[in-house]
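Listing of run-v5.txt; format and content: compact mmCIF, C-alpha atoms.
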```txt
# COMPACT_ATOMS: atom_id res chain seq x y z
CA MET A 595 -3.40 23.88 5.27
CA GLY A 596 -4.54 24.92 1.85
CA CYS A 597 -6.96 22.06 1.32
CA VAL A 598 -9.66 23.34 3.68
CA GLY A 599 -11.33 25.49 1.04
CA SER A 600 -12.13 22.70 -1.37
CA SER A 601 -13.48 19.18 -1.19
CA GLN A 602 -11.90 18.20 -4.49
CA SER A 603 -8.32 17.96 -5.66
CA LYS A 604 -7.30 20.31 -8.43
CA THR A 605 -4.77 19.46 -11.08
CA ASN A 606 -3.80 22.02 -13.73
CA GLY A 607 -6.90 24.05 -12.83
CA GLU A 608 -9.27 21.15 -13.46
CA VAL A 609 -11.41 19.61 -10.72
CA THR A 610 -10.70 15.91 -10.18
CA LYS A 611 -13.90 13.89 -9.86
CA LEU A 612 -14.44 10.73 -7.90
CA ARG A 613 -13.49 7.59 -9.73
CA LYS A 614 -14.03 3.89 -9.27
CA PRO A 615 -11.30 2.22 -7.18
CA LYS A 616 -8.64 0.15 -8.92
CA PRO A 617 -9.33 -3.58 -9.16
CA TRP A 618 -8.18 -5.51 -6.11
CA ARG A 619 -7.89 -9.12 -5.06
CA HIS A 620 -8.80 -10.69 -1.71
CA PRO A 621 -6.12 -13.06 -0.30
CA GLN A 622 -8.44 -16.00 -1.07
CA PRO A 623 -11.64 -16.30 -3.12
CA ILE A 624 -14.50 -14.67 -1.21
CA THR A 625 -18.27 -15.04 -1.38
CA ARG A 626 -20.62 -12.08 -1.61
CA THR A 627 -21.99 -13.00 1.84
CA HIS A 628 -18.51 -12.83 3.38
CA LEU A 629 -17.78 -9.55 1.58
CA MET A 630 -21.01 -8.03 2.92
CA GLN A 631 -20.11 -9.25 6.41
CA LEU A 632 -16.68 -7.55 6.18
CA ARG A 633 -18.34 -4.33 5.04
CA GLU A 634 -20.87 -4.35 7.88
CA GLU A 635 -18.10 -4.95 10.43
CA PHE A 636 -16.11 -2.04 9.00
CA TRP A 637 -19.01 0.40 9.04
CA ASP A 638 -20.07 -0.69 12.54
CA THR A 639 -16.59 -0.08 13.98
CA ALA A 640 -15.25 2.81 11.85
CA PRO A 641 -16.69 5.66 13.97
CA HIS A 642 -14.93 4.25 17.05
CA TYR A 643 -11.54 5.04 15.50
CA GLY A 644 -12.13 8.77 15.37
CA GLY A 645 -13.79 11.36 13.24
CA ARG A 646 -17.41 12.42 13.24
CA LYS A 647 -20.32 10.02 12.83
CA GLU A 648 -22.03 12.23 10.24
CA ILE A 649 -18.90 12.13 8.06
CA TRP A 650 -18.72 8.33 8.36
CA ASP A 651 -22.43 8.18 7.42
CA ALA A 652 -21.82 10.38 4.36
CA LEU A 653 -18.83 8.27 3.32
CA ARG A 654 -20.92 5.13 3.63
CA ALA A 655 -23.67 6.65 1.52
CA ALA A 656 -21.14 7.73 -1.12
CA ALA A 657 -19.49 4.29 -1.12
CA ASP A 658 -22.84 2.49 -1.43
CA VAL A 659 -24.13 4.34 -4.50
CA SER A 660 -23.11 3.22 -7.97
CA ASP A 661 -23.66 6.65 -9.53
CA ARG A 662 -20.36 8.58 -9.24
CA THR A 663 -22.13 11.92 -9.74
CA LEU A 664 -24.41 11.23 -6.76
CA ALA A 665 -21.40 10.07 -4.71
CA GLN A 666 -19.63 13.33 -5.59
CA THR A 667 -22.68 15.32 -4.50
CA ILE A 668 -22.82 13.47 -1.16
CA VAL A 669 -19.12 14.09 -0.52
CA ASP A 670 -19.36 17.77 -1.51
CA SER A 671 -22.44 18.45 0.60
CA ALA A 672 -20.83 16.85 3.68
CA GLY A 673 -17.72 19.04 3.28
CA ILE A 674 -15.46 16.03 2.85
CA ILE A 675 -11.98 16.72 1.50
CA VAL A 676 -11.01 13.91 -0.84
CA GLN A 677 -7.27 13.16 -0.83
CA ASN A 678 -7.47 10.14 -3.17
CA ASN A 679 -10.26 10.44 -5.72
CA ASP A 680 -11.25 6.80 -5.16
CA LEU A 681 -12.34 7.71 -1.56
CA THR A 682 -9.65 5.58 0.10
CA GLU A 683 -8.32 8.62 1.97
CA CYS A 684 -10.42 11.61 2.99
CA TYR A 685 -10.50 14.38 5.61
CA ASP A 686 -13.24 16.39 7.22
CA GLU A 687 -13.10 20.18 7.51
CA ARG A 688 -11.50 19.88 10.96
CA GLY A 689 -8.63 17.78 9.61
CA ALA A 690 -9.70 14.35 10.90
CA LYS A 691 -8.56 11.57 8.58
CA TYR A 692 -10.90 8.87 7.24
CA GLU A 693 -9.47 5.81 5.50
CA LEU A 694 -11.68 3.42 3.57
CA PRO A 695 -10.49 -0.06 2.60
CA ASN A 696 -11.04 -1.25 -0.96
CA TYR A 697 -13.52 -3.90 0.15
CA VAL A 698 -16.09 -1.26 1.11
CA LEU A 699 -15.70 0.57 -2.19
CA SER A 700 -15.75 -2.20 -4.80
CA GLU A 701 -15.84 -5.93 -5.37
CA PRO A 702 -12.68 -8.04 -5.57
CA THR A 703 -11.61 -9.66 -8.81
CA ASN A 704 -11.83 -13.09 -7.17
CA LEU A 705 -15.41 -12.78 -5.89
CA ILE A 706 -17.20 -16.12 -6.01
CA ARG A 707 -20.33 -15.52 -8.06
CA GLY A 708 -23.70 -17.11 -7.45
CA ARG A 709 -23.48 -17.62 -3.69
```
Let me see the file written as structure tokens.
Amino acid sequence: MGCVGSSQSKTNGEVTKLRKPKPWRHPQPITRTHLMQLREEFWDTAPHYGGRKEIWDALRAAADVSDRTLAQTIVDSAGIIVQNNDLTECYDERGAKYELPNYVLSEPTNLIRGR
């Protein structure tokens, strides 16, 4: 309880805004095509693991935009409760948990460029 009233974490009275995820590394070098394929597979299957489709759609929209302010607006308007301000762990207003892997939020440090 306690987190239902706000979609943002508060620390020392200040609202924590969404931030870019920490750099990550895929187990082996990965092409952009393979990364996009992993993302599509995740988004196609994510709603089948629980939660509401409209929340998954809002999370996808927030993950796909590069403007953090717009992503914050999408999350706020959908009533998403952000546990980790990099969007890796979120909840809806009913308490359903939504976990996003790093590969849908940012590019790996070992992305093969130019393919």
For the point (-15.3, -5.6, -7.2) in the file's frame, write as number ranges by chain all residues with an atom no more than 12 Å away, counting only C-alpha atoms.
A: 614-620, 624-626, 629-630, 660, 696-707
Near-range 684-686 of chain A list (6 Å; only C-alpha atoms; drop same-chain fewer than 6 positions) as a ChimeraX atom specification:
/A:674-677,692
Find the distance between CA of Leu681 in chain A and CA of Ala656 in chain A and write it in Å to one decimal.
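CA of Ala656 in chain A lies at a distance of 8.8 Å from CA of Leu681 in chain A.
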I'd like the contact shell of Phe636 in chain A - 12 Å cut-off, all atoms listed in the file, skipping same-chain residues fewer than 2 positions apart - returned as a list in words.
Leu629, Met630, Gln631, Leu632, Arg633, Glu634, Asp638, Thr639, Ala640, Pro641, His642, Tyr643, Trp650, Arg654, Glu693, Leu694, Pro695, Asn696, Tyr697, Val698 and Leu699 of chain A
Would you mind telling me which residue in A:Arg613, A:Lys647, A:Thr627, A:Trp637 lies nearest to Thr682 in chain A when using only C-alpha atoms?
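Using only C-alpha atoms, Thr682 in chain A sits closest to A:Arg613.
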Under the rule that all atoms listed in the file are counted, which of A:Gly644, A:Leu612, A:Arg662, A:Glu635 is the nearest residue to Arg688 in chain A?
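Of all the options, A:Gly644 lies closest to Arg688 in chain A.
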First collect every listed atom of range 649-654 of chain A; then fit an axis-aligned box around them, widen it by 8 Å on each side, and give centre and edge lengths in Å to one decimal, as JSON.
```
{"center_x": -20.6, "center_y": 8.6, "center_z": 5.8, "size_x": 19.7, "size_y": 23.0, "size_z": 21.0}
```
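Note that the spacing between CA of Gly645 in chain A and CA of Asp658 in chain A amounts to 19.4 Å.
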Nearest residue to Glu683 in chain A from the set A:Glu648, A:Ala665, A:Leu653, A:Pro623 (distances using all atoms listed in the file)
A:Leu653
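In this structure, CA of Gly689 in chain A sits 19.3 Å away from CA of Gln666 in chain A.
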Which is closer to Ala652 in chain A than all the others in A:Lys611, A:Asn678, A:Ala672, A:Gln622, using all atoms listed in the file?
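Ranking A:Lys611, A:Asn678, A:Ala672, A:Gln622 by distance to Ala652 in chain A, first place goes to A:Ala672.
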